[in-house]
>>> print(open('coords-v7.pdb').read())   # PDB, C-alpha atoms
ATOM      1  CA  MET A  26     101.820  88.998  90.721
ATOM      2  CA  SER A  27     104.579  88.198  93.256
ATOM      3  CA  LEU A  28     107.063  90.544  94.873
ATOM      4  CA  THR A  29     109.817  89.288  92.563
ATOM      5  CA  ASP A  30     107.872  90.571  89.576
ATOM      6  CA  LEU A  31     108.835  94.161  90.438
ATOM      7  CA  THR A  32     112.581  94.126  89.781
ATOM      8  CA  GLY A  33     113.483  90.466  89.342
ATOM      9  CA  ASN A  34     115.718  90.729  92.418
ATOM     10  CA  PRO A  35     114.152  89.421  95.653
ATOM     11  CA  ARG A  36     116.337  91.600  97.899
ATOM     12  CA  HIS A  37     115.505  94.722  95.924
ATOM     13  CA  ASP A  38     111.809  93.854  96.056
ATOM     14  CA  GLN A  39     112.008  93.343  99.820
ATOM     15  CA  LEU A  40     113.769  96.679 100.236
ATOM     16  CA  ILE A  41     111.066  98.433  98.200
ATOM     17  CA  ALA A  42     108.327  96.741 100.235
ATOM     18  CA  LEU A  43     109.935  97.791 103.542
ATOM     19  CA  ILE A  44     110.149 101.418 102.449
ATOM     20  CA  ALA A  45     106.608 101.356 101.026
ATOM     21  CA  GLU A  46     105.386 100.115 104.409
ATOM     22  CA  ARG A  47     107.417 102.404 106.686
ATOM     23  CA  GLY A  48     107.902 105.524 104.593
ATOM     24  CA  TYR A  49     111.584 105.988 105.451
ATOM     25  CA  MET A  50     114.321 103.647 106.653
ATOM     26  CA  SER A  51     117.959 104.170 107.572
ATOM     27  CA  ILE A  52     120.741 102.266 105.846
ATOM     28  CA  GLU A  53     121.611 100.514 109.109
ATOM     29  CA  ALA A  54     118.034  99.329 109.694
ATOM     30  CA  LEU A  55     117.748  98.041 106.126
ATOM     31  CA  ALA A  56     121.061  96.224 106.394
ATOM     32  CA  GLN A  57     119.913  94.496 109.566
ATOM     33  CA  LEU A  58     116.535  93.442 108.171
ATOM     34  CA  LEU A  59     117.966  92.319 104.841
ATOM     35  CA  ALA A  60     120.963  90.587 106.493
ATOM     36  CA  VAL A  61     123.484  92.297 104.221
ATOM     37  CA  SER A  62     126.235  94.880 104.659
ATOM     38  CA  THR A  63     125.593  98.615 104.716
ATOM     39  CA  GLN A  64     127.714  98.881 101.555
ATOM     40  CA  THR A  65     125.316  96.512  99.768
ATOM     41  CA  VAL A  66     122.335  98.534 100.939
ATOM     42  CA  ARG A  67     123.938 101.741  99.668
ATOM     43  CA  ARG A  68     124.442 100.178  96.246
ATOM     44  CA  ASP A  69     120.859  98.903  96.217
ATOM     45  CA  ILE A  70     119.489 102.309  97.196
ATOM     46  CA  ARG A  71     121.541 104.031  94.507
ATOM     47  CA  LYS A  72     120.276 101.665  91.820
ATOM     48  CA  LEU A  73     116.617 101.676  92.906
ATOM     49  CA  SER A  74     116.529 105.461  93.265
ATOM     50  CA  GLN A  75     117.904 105.841  89.736
ATOM     51  CA  GLU A  76     115.109 103.569  88.512
ATOM     52  CA  GLY A  77     112.464 105.615  90.341
ATOM     53  CA  PHE A  78     111.361 102.991  92.862
ATOM     54  CA  ILE A  79     112.491 104.926  95.939
ATOM     55  CA  THR A  80     114.040 108.273  96.886
ATOM     56  CA  ARG A  81     117.632 108.364  98.119
ATOM     57  CA  HIS A  82     118.284 110.394 101.289
ATOM     58  CA  HIS A  83     121.369 111.035 103.352
ATOM     59  CA  GLY A  84     121.688 107.998 105.598
ATOM     60  CA  GLY A  85     118.696 106.127 104.217
ATOM     61  CA  ALA A  86     115.876 106.005 101.692
ATOM     62  CA  GLY A  87     112.210 106.886 101.468
ATOM     63  CA  ARG A  88     109.263 106.504  99.153
ATOM     64  CA  ALA A  89     109.446 107.904  95.656
ATOM     65  CA  SER A  90     109.173 111.663  95.161
ATOM     66  CA  SER A  91     106.008 113.452  96.204
ATOM     67  CA  LEU A  92     105.749 114.602  92.613
ATOM     68  CA  VAL A  93     105.320 111.069  91.276
ATOM     69  CA  ASN A  94     103.184 108.299  92.713
ATOM     70  CA  THR A  95     104.650 104.852  93.265
ATOM     71  CA  ALA A  96     104.150 102.522  90.314
ATOM     72  CA  PHE A  97     100.635 101.084  90.255
ATOM     73  CA  GLU A  98     102.046  97.541  90.337
ATOM     74  CA  GLN A  99     103.954  98.358  93.529
ATOM     75  CA  ARG A 100     100.881  99.857  95.177
ATOM     76  CA  GLU A 101      98.910  96.724  94.371
ATOM     77  CA  LEU A 102     101.309  94.798  96.598
ATOM     78  CA  ALA A 103     101.620  97.275  99.463
ATOM     79  CA  CYS A 104      99.463  96.905 102.606
ATOM     80  CA  ASN A 105      96.997  94.522 100.986
ATOM     81  CA  ASP A 106      95.727  93.137 104.309
ATOM     82  CA  GLU A 107      95.241  96.631 105.683
ATOM     83  CA  LYS A 108      93.475  97.842 102.541
ATOM     84  CA  ARG A 109      91.181  94.823 102.561
ATOM     85  CA  ALA A 110      90.237  95.368 106.219
ATOM     86  CA  ILE A 111      89.633  99.071 105.619
ATOM     87  CA  ALA A 112      87.511  98.337 102.554
ATOM     88  CA  GLU A 113      85.369  95.823 104.409
ATOM     89  CA  ALA A 114      84.826  98.245 107.299
ATOM     90  CA  LEU A 115      83.773 100.980 104.899
ATOM     91  CA  ALA A 116      81.447  98.697 102.953
ATOM     92  CA  ARG A 117      79.671  97.718 106.183
ATOM     93  CA  GLN A 118      78.706 101.363 106.682
ATOM     94  CA  LEU A 119      77.030 101.679 103.286
ATOM     95  CA  PRO A 120      73.348 100.881 102.783
ATOM     96  CA  ASP A 121      71.874  99.102  99.796
ATOM     97  CA  ARG A 122      70.018 101.163  97.177
ATOM     98  CA  CYS A 123      72.315 104.188  97.136
ATOM     99  CA  THR A 124      74.335 106.116  94.561
ATOM    100  CA  LEU A 125      78.124 106.134  94.821
ATOM    101  CA  PHE A 126      80.999 107.981  93.224
ATOM    102  CA  MET A 127      84.179 105.901  93.221
ATOM    103  CA  THR A 128      87.602 107.252  92.274
ATOM    104  CA  ILE A 129      90.816 105.634  91.005
ATOM    105  CA  GLY A 130      93.180 103.564  93.130
ATOM    106  CA  THR A 131      94.120 100.214  94.589
ATOM    107  CA  THR A 132      92.320 100.897  97.877
ATOM    108  CA  VAL A 133      89.141 101.836  96.018
ATOM    109  CA  GLU A 134      89.401  98.576  94.083
ATOM    110  CA  HIS A 135      89.373  96.709  97.397
ATOM    111  CA  ILE A 136      86.233  98.663  98.315
ATOM    112  CA  ALA A 137      84.633  97.607  95.034
ATOM    113  CA  ARG A 138      85.218  93.939  95.882
ATOM    114  CA  ALA A 139      83.784  94.477  99.359
ATOM    115  CA  LEU A 140      80.609  95.940  97.814
ATOM    116  CA  LEU A 141      79.757  92.787  95.860
ATOM    117  CA  SER A 142      77.508  91.570  98.691
ATOM    118  CA  HIS A 143      75.370  94.726  98.450
ATOM    119  CA  SER A 144      72.332  95.137  96.253
ATOM    120  CA  GLN A 145      70.794  97.798  94.025
ATOM    121  CA  LEU A 146      73.715 100.187  93.872
ATOM    122  CA  ARG A 147      74.318 102.853  91.255
ATOM    123  CA  ILE A 148      78.059 103.447  90.854
ATOM    124  CA  ILE A 149      79.614 106.279  88.865
ATOM    125  CA  THR A 150      83.357 105.735  88.545
ATOM    126  CA  ASN A 151      86.235 107.046  86.476
ATOM    127  CA  SER A 152      88.174 103.817  87.054
ATOM    128  CA  LEU A 153      87.796 101.091  84.444
ATOM    129  CA  ARG A 154      89.356  98.692  86.943
ATOM    130  CA  VAL A 155      86.628  99.456  89.490
ATOM    131  CA  ALA A 156      83.965  99.171  86.787
ATOM    132  CA  GLN A 157      85.341  95.803  85.734
ATOM    133  CA  ILE A 158      84.977  94.483  89.285
ATOM    134  CA  LEU A 159      81.375  95.665  89.607
ATOM    135  CA  TYR A 160      79.672  95.582  86.228
ATOM    136  CA  LYS A 161      78.622  91.912  86.257
ATOM    137  CA  GLN A 162      76.409  92.374  89.321
ATOM    138  CA  LYS A 163      72.944  92.222  87.788
ATOM    139  CA  ASP A 164      71.316  94.672  90.187
ATOM    140  CA  PHE A 165      74.161  97.205  89.994
ATOM    141  CA  GLU A 166      74.068 100.107  87.567
ATOM    142  CA  VAL A 167      77.645 101.037  86.674
ATOM    143  CA  LEU A 168      78.339 104.249  84.764
ATOM    144  CA  VAL A 169      81.684 105.464  83.423
ATOM    145  CA  PRO A 170      82.396 108.853  81.814
ATOM    146  CA  GLY A 171      84.036 109.552  78.507
ATOM    147  CA  GLY A 172      87.473 111.119  78.542
ATOM    148  CA  THR A 173      91.153 110.325  78.311
ATOM    149  CA  LEU A 174      92.011 106.783  79.397
ATOM    150  CA  ARG A 175      95.257 106.280  81.287
ATOM    151  CA  ALA A 176      97.164 103.107  80.512
ATOM    152  CA  HIS A 177      98.984 102.828  83.839
ATOM    153  CA  ASN A 178      95.927 102.658  86.105
ATOM    154  CA  GLY A 179      92.795 102.463  83.952
ATOM    155  CA  GLY A 180      91.670 105.917  85.051
ATOM    156  CA  ILE A 181      89.534 108.277  82.966
ATOM    157  CA  ILE A 182      90.286 111.995  83.221
ATOM    158  CA  GLY A 183      89.592 115.246  81.404
ATOM    159  CA  PRO A 184      86.944 117.984  81.076
ATOM    160  CA  SER A 185      84.268 115.711  79.599
ATOM    161  CA  ALA A 186      84.693 113.261  82.484
ATOM    162  CA  ILE A 187      84.322 116.066  85.022
ATOM    163  CA  GLN A 188      81.228 117.355  83.214
ATOM    164  CA  PHE A 189      79.727 113.860  83.285
ATOM    165  CA  VAL A 190      80.097 113.328  87.035
ATOM    166  CA  SER A 191      78.860 116.861  87.702
ATOM    167  CA  GLY A 192      75.481 115.824  86.298
ATOM    168  CA  PHE A 193      74.848 113.518  89.280
ATOM    169  CA  ARG A 194      74.197 113.961  92.969
ATOM    170  CA  ALA A 195      75.608 110.962  94.829
ATOM    171  CA  ASP A 196      74.887 109.787  98.343
ATOM    172  CA  TYR A 197      78.551 108.987  98.901
ATOM    173  CA  THR A 198      81.960 109.594  97.370
ATOM    174  CA  LEU A 199      84.357 106.736  98.107
ATOM    175  CA  THR A 200      87.978 107.723  97.655
ATOM    176  CA  SER A 201      91.478 107.228  98.930
ATOM    177  CA  THR A 202      94.216 109.834  99.078
ATOM    178  CA  GLY A 203      97.914 109.982  98.270
ATOM    179  CA  ALA A 204      98.817 111.511 101.623
ATOM    180  CA  LEU A 205      97.098 112.869 104.714
ATOM    181  CA  GLU A 206      99.137 115.514 106.488
ATOM    182  CA  ALA A 207      99.147 116.508 110.150
ATOM    183  CA  ASP A 208      97.394 119.813 109.381
ATOM    184  CA  GLY A 209      94.416 117.957 107.901
ATOM    185  CA  THR A 210      95.276 118.390 104.222
ATOM    186  CA  LEU A 211      94.500 115.531 101.836
ATOM    187  CA  LEU A 212      97.006 115.390  98.995
ATOM    188  CA  GLU A 213      97.228 113.646  95.640
ATOM    189  CA  PHE A 214     100.005 113.125  93.101
ATOM    190  CA  ASP A 215      98.200 113.940  89.880
ATOM    191  CA  VAL A 216      96.393 117.213  89.220
ATOM    192  CA  ASN A 217      93.960 115.637  86.738
ATOM    193  CA  GLU A 218      92.969 112.791  89.053
ATOM    194  CA  ALA A 219      92.592 115.275  91.913
ATOM    195  CA  ALA A 220      90.276 117.417  89.758
ATOM    196  CA  MET A 221      88.044 114.393  89.109
ATOM    197  CA  ALA A 222      87.926 113.506  92.796
ATOM    198  CA  ARG A 223      87.083 117.102  93.743
ATOM    199  CA  ALA A 224      84.209 117.148  91.250
ATOM    200  CA  MET A 225      82.807 113.979  92.799
ATOM    201  CA  MET A 226      83.175 115.355  96.323
ATOM    202  CA  ALA A 227      81.434 118.599  95.341
ATOM    203  CA  HIS A 228      78.418 116.645  94.078
ATOM    204  CA  SER A 229      78.135 114.211  96.949
ATOM    205  CA  ARG A 230      76.250 114.287 100.249
ATOM    206  CA  ASN A 231      78.942 112.351 102.134
ATOM    207  CA  VAL A 232      82.650 111.829 101.494
ATOM    208  CA  LEU A 233      84.244 108.655 102.867
ATOM    209  CA  VAL A 234      88.047 108.437 102.703
ATOM    210  CA  ALA A 235      89.925 105.131 102.951
ATOM    211  CA  ALA A 236      93.615 105.485 103.799
ATOM    212  CA  ASP A 237      96.029 102.999 105.348
ATOM    213  CA  HIS A 238      98.602 104.106 107.917
ATOM    214  CA  THR A 239     101.344 104.724 105.333
ATOM    215  CA  LYS A 240      99.377 107.738 104.077
ATOM    216  CA  PHE A 241     100.074 109.505 107.390
ATOM    217  CA  ARG A 242     103.787 109.579 106.502
ATOM    218  CA  ALA A 243     103.528 110.002 102.743
ATOM    219  CA  SER A 244     103.972 113.205 100.769
ATOM    220  CA  ALA A 245     102.274 114.431  97.618
ATOM    221  CA  ALA A 246     102.134 117.715  95.742
ATOM    222  CA  VAL A 247      98.485 118.409  94.805
ATOM    223  CA  GLU A 248      95.935 119.534  97.383
ATOM    224  CA  LEU A 249      92.757 117.485  97.200
ATOM    225  CA  ALA A 250      90.733 118.688 100.177
ATOM    226  CA  GLN A 251      90.757 119.496 103.868
ATOM    227  CA  VAL A 252      89.472 117.052 106.474
ATOM    228  CA  SER A 253      86.669 119.517 107.184
ATOM    229  CA  GLU A 254      85.260 118.562 103.759
ATOM    230  CA  ILE A 255      84.988 114.836 104.501
ATOM    231  CA  SER A 256      82.473 112.873 106.533
ATOM    232  CA  ALA A 257      84.525 109.883 107.700
ATOM    233  CA  LEU A 258      88.013 108.390 107.592
ATOM    234  CA  PHE A 259      88.561 104.634 107.462
ATOM    235  CA  THR A 260      92.056 103.496 108.414
ATOM    236  CA  ASP A 261      93.913 100.639 110.087
ATOM    237  CA  THR A 262      95.719 102.525 112.857
ATOM    238  CA  ALA A 263      94.925 105.599 114.919
ATOM    239  CA  PRO A 264      96.011 108.810 113.187
ATOM    240  CA  PRO A 265      98.940 110.729 114.712
ATOM    241  CA  PRO A 266      97.829 113.109 117.514
ATOM    242  CA  PRO A 267      98.002 116.371 115.510
ATOM    243  CA  LEU A 268      95.901 114.887 112.714
ATOM    244  CA  ALA A 269      93.547 113.214 115.202
ATOM    245  CA  ALA A 270      92.940 116.628 116.768
ATOM    246  CA  ARG A 271      92.118 118.126 113.349
ATOM    247  CA  LEU A 272      89.712 115.287 112.602
ATOM    248  CA  ALA A 273      87.993 115.693 115.963
ATOM    249  CA  ALA A 274      87.683 119.454 115.513
ATOM    250  CA  ALA A 275      86.035 118.886 112.120
ATOM    251  CA  ALA A 276      83.694 116.237 113.589
ATOM    252  CA  VAL A 277      85.011 113.621 111.155
ATOM    253  CA  GLU A 278      84.149 110.048 112.126
ATOM    254  CA  VAL A 279      87.238 107.835 112.373
ATOM    255  CA  HIS A 280      86.697 104.111 111.830
ATOM    256  CA  LEU A 281      89.603 101.827 112.721
ATOM    257  CA  ALA A 282      90.008  98.472 110.981
ATOM    258  CA  PRO A 283      93.156  96.924 112.473
ATOM    259  CA  VAL A 284      94.614  93.651 111.253
ATOM    260  CA  THR A 285      96.394  90.930 113.207
ATOM    261  CA  ALA A 286      99.971  89.833 112.627
ATOM    262  CA  ALA A 287      98.528  87.024 110.500
ATOM    263  CA  GLY A 288      96.843  89.571 108.248
ATOM    264  CA  ASP A 289      93.287  88.986 109.483
ATOM    265  CA  ALA A 290      90.937  91.871 110.152
ATOM    266  CA  VAL A 291      90.063  92.383 113.807
ATOM    267  CA  PRO A 292      86.244  92.237 114.208
TER
END
>>> encode(input="coords-v7.pdb", output="structure tokens")
Amino acid sequence: MSLTDLTGNPRHDQLIALIAERGYMSIEALAQLLAVSTQTVRRDIRKLSQEGFITRHHGGAGRASSLVNTAFEQRELACNDEKRAIAEALARQLPDRCTLFMTIGTTVEHIARALLSHSQLRIITNSLRVAQILYKQKDFEVLVPGGTLRAHNGGIIGPSAIQFVSGFRADYTLTSTGALEADGTLLEFDVNEAAMARAMMAHSRNVLVAADHTKFRASAAVELAQVSEISALFTDTAPPPPLAARLAAAAVEVHLAPVTAAGDAVP
């Protein structure tokens, strides 16, 4: 899927990608980067905000509302190099022969691909997309719960799914988050997906969170957890100082997986 598959307009797709990467941009900055007039940018912002791709602000635009997550197809395109580097760093910390919970999300799908070199893993996931990546590994045991299947991201939610995961005790929960605020709060967009993730975290010995730098500026509406409830954070850039202080106070390990300008992970 290419960037032009989002709206059919390359400039609009580039504008969406810039805002997805940076969180917020002024009209003047967008006009300069897109090499168009500020009037054109204003028209683009008005149209894309009406279609739900971005949020219109006075003097600029930001990511879509904290009440609604960005379209799954958009998130598949955003920060792919960073997500891949983060996923590979996280996978290197996991031993063979362990039991994992894995949640829904594009970052978690990158983790699933990075796990294909492991052996003898048991994976319990409520993501059919994650299961599809992993199930052909002959020495992996992949389990998925019953429940309500979501068409937009292949996620399984609902009381029966929560009951299913609650019957296991995993060595690790591998999850991302919609936003990570300066006060150490992990946030999600969807209350049902957050409930599934919380159930996994409650029945896991270690919680590993993968979040690229855009999550430090994002906003979401549903509280998932506090950093004191997680074991480690895997990200591509150092967290902002207030959040870094919260992580240090909670003795959370922070693993950095930066990428070069060419998109390669730094060893």
>>> residues_around(input="coords-v7.pdb", residues="stretch 225-242 of chain A", least_positions_apart="3", cutoff="9 Å", atoms="only C-alpha atoms", output="number ranges by chain")
A: 45-49, 104, 107-108, 111-112, 115, 125-128, 132-133, 136, 187, 190-207, 220-222, 254-265, 268
>>> atom_distance(input="coords-v7.pdb", atom1="atom CA of A:Pro283", atom2="atom CA of A:Asp106")
9.4 Å
>>> residues_near_point(input="coords-v7.pdb", point="(81.0, 99.5, 86.7)", cutoff="10 Å", atoms="only C-alpha atoms", output="ChimeraX atom specification")
/A:127,137,147-162,165-169
>>> residues_around(input="coords-v7.pdb", residues="A:Ser185", least_positions_apart="5", cutoff="8 Å", atoms="only C-alpha atoms", output="JSON, numbers by chain")
{"A": [170, 171, 172]}
>>> closest_residue(input="coords-v7.pdb", among="A:Asp38, A:Glu218, A:Asp208, A:Asp164", to="A:Ile182", atoms="all atoms listed in the file")
A:Glu218
>>> decode(input="coords-v7.pdb", residues="stretch 165-177 of chain A", atoms="all heavy atoms", output="mmCIF file, in the first residue's frame")
data_model
loop_
_atom_site.group_PDB
_atom_site.id
_atom_site.type_symbol
_atom_site.label_atom_id
_atom_site.label_comp_id
_atom_site.auth_asym_id
_atom_site.auth_seq_id
_atom_site.Cartn_x
_atom_site.Cartn_y
_atom_site.Cartn_z
ATOM 1 N N PHE A 165 5.741 -22.954 17.288
ATOM 2 C CA PHE A 165 4.963 -21.975 18.038
ATOM 3 C C PHE A 165 3.574 -22.548 18.311
ATOM 4 O O PHE A 165 2.988 -23.216 17.465
ATOM 5 C CB PHE A 165 4.777 -20.682 17.242
ATOM 6 C CG PHE A 165 5.989 -19.796 17.171
ATOM 7 C CD1 PHE A 165 7.223 -20.210 17.638
ATOM 8 C CD2 PHE A 165 5.893 -18.527 16.617
ATOM 9 C CE1 PHE A 165 8.341 -19.383 17.555
ATOM 10 C CE2 PHE A 165 6.988 -17.702 16.530
ATOM 11 C CZ PHE A 165 8.219 -18.126 16.993
ATOM 12 N N GLU A 166 3.059 -22.266 19.487
ATOM 13 C CA GLU A 166 1.667 -22.551 19.805
ATOM 14 C C GLU A 166 0.944 -21.209 19.861
ATOM 15 O O GLU A 166 1.280 -20.358 20.691
ATOM 16 C CB GLU A 166 1.537 -23.271 21.140
ATOM 17 C CG GLU A 166 0.100 -23.637 21.497
ATOM 18 C CD GLU A 166 -0.009 -24.301 22.859
ATOM 19 O OE1 GLU A 166 1.010 -24.398 23.569
ATOM 20 O OE2 GLU A 166 -1.134 -24.696 23.215
ATOM 21 N N VAL A 167 -0.002 -21.003 18.966
ATOM 22 C CA VAL A 167 -0.702 -19.726 18.872
ATOM 23 C C VAL A 167 -2.158 -19.935 19.264
ATOM 24 O O VAL A 167 -2.862 -20.763 18.674
ATOM 25 C CB VAL A 167 -0.609 -19.131 17.453
ATOM 26 C CG1 VAL A 167 -1.351 -17.805 17.382
ATOM 27 C CG2 VAL A 167 0.857 -18.948 17.052
ATOM 28 N N LEU A 168 -2.623 -19.187 20.254
ATOM 29 C CA LEU A 168 -3.981 -19.315 20.748
ATOM 30 C C LEU A 168 -4.702 -17.988 20.601
ATOM 31 O O LEU A 168 -4.137 -16.929 20.908
ATOM 32 C CB LEU A 168 -3.996 -19.736 22.222
ATOM 33 C CG LEU A 168 -3.325 -21.064 22.579
ATOM 34 C CD1 LEU A 168 -1.888 -20.849 23.023
ATOM 35 C CD2 LEU A 168 -4.088 -21.760 23.704
ATOM 36 N N VAL A 169 -5.945 -18.036 20.131
ATOM 37 C CA VAL A 169 -6.771 -16.837 20.014
ATOM 38 C C VAL A 169 -8.090 -17.078 20.741
ATOM 39 O O VAL A 169 -8.632 -18.187 20.713
ATOM 40 C CB VAL A 169 -7.033 -16.455 18.545
ATOM 41 C CG1 VAL A 169 -5.744 -16.050 17.844
ATOM 42 C CG2 VAL A 169 -7.710 -17.581 17.794
ATOM 43 N N PRO A 170 -8.630 -16.055 21.401
ATOM 44 C CA PRO A 170 -9.891 -16.227 22.129
ATOM 45 C C PRO A 170 -11.087 -16.115 21.205
ATOM 46 O O PRO A 170 -10.991 -15.642 20.071
ATOM 47 C CB PRO A 170 -9.864 -15.049 23.110
ATOM 48 C CG PRO A 170 -9.120 -13.988 22.366
ATOM 49 C CD PRO A 170 -8.066 -14.710 21.566
ATOM 50 N N GLY A 171 -12.229 -16.550 21.698
ATOM 51 C CA GLY A 171 -13.481 -16.250 21.027
ATOM 52 C C GLY A 171 -13.958 -14.874 21.452
ATOM 53 O O GLY A 171 -13.540 -14.341 22.478
ATOM 54 N N GLY A 172 -14.823 -14.274 20.653
ATOM 55 C CA GLY A 172 -15.333 -12.957 20.988
ATOM 56 C C GLY A 172 -15.831 -12.240 19.760
ATOM 57 O O GLY A 172 -16.088 -12.856 18.724
ATOM 58 N N THR A 173 -15.943 -10.945 19.852
ATOM 59 C CA THR A 173 -16.399 -10.122 18.742
ATOM 60 C C THR A 173 -15.206 -9.699 17.901
ATOM 61 O O THR A 173 -14.257 -9.107 18.416
ATOM 62 C CB THR A 173 -17.130 -8.870 19.268
ATOM 63 O OG1 THR A 173 -18.244 -9.279 20.067
ATOM 64 C CG2 THR A 173 -17.632 -8.016 18.112
ATOM 65 N N LEU A 174 -15.272 -9.988 16.603
ATOM 66 C CA LEU A 174 -14.169 -9.682 15.693
ATOM 67 C C LEU A 174 -14.395 -8.325 15.051
ATOM 68 O O LEU A 174 -15.448 -8.061 14.478
ATOM 69 C CB LEU A 174 -14.052 -10.765 14.616
ATOM 70 C CG LEU A 174 -12.979 -10.569 13.560
ATOM 71 C CD1 LEU A 174 -11.591 -10.543 14.187
ATOM 72 C CD2 LEU A 174 -13.073 -11.681 12.514
ATOM 73 N N ARG A 175 -13.390 -7.473 15.108
ATOM 74 C CA ARG A 175 -13.480 -6.139 14.538
ATOM 75 C C ARG A 175 -12.909 -6.122 13.133
ATOM 76 O O ARG A 175 -11.757 -6.539 12.895
ATOM 77 C CB ARG A 175 -12.734 -5.142 15.418
ATOM 78 C CG ARG A 175 -13.352 -5.050 16.804
ATOM 79 C CD ARG A 175 -12.855 -3.857 17.549
ATOM 80 N NE ARG A 175 -13.942 -3.252 18.319
ATOM 81 C CZ ARG A 175 -13.803 -2.181 19.068
ATOM 82 N NH1 ARG A 175 -12.640 -1.559 19.129
ATOM 83 N NH2 ARG A 175 -14.822 -1.704 19.738
ATOM 84 N N ALA A 176 -13.703 -5.588 12.202
ATOM 85 C CA ALA A 176 -13.302 -5.609 10.798
ATOM 86 C C ALA A 176 -12.135 -4.673 10.517
ATOM 87 O O ALA A 176 -11.297 -4.951 9.661
ATOM 88 C CB ALA A 176 -14.492 -5.239 9.910
ATOM 89 N N HIS A 177 -12.041 -3.556 11.234
ATOM 90 C CA HIS A 177 -11.054 -2.542 10.863
ATOM 91 C C HIS A 177 -9.636 -2.882 11.273
ATOM 92 O O HIS A 177 -8.684 -2.354 10.697
ATOM 93 C CB HIS A 177 -11.454 -1.175 11.430
ATOM 94 C CG HIS A 177 -11.328 -1.074 12.918
ATOM 95 N ND1 HIS A 177 -12.283 -1.566 13.770
ATOM 96 C CD2 HIS A 177 -10.360 -0.539 13.704
ATOM 97 C CE1 HIS A 177 -11.917 -1.323 15.019
ATOM 98 N NE2 HIS A 177 -10.760 -0.710 15.004
#
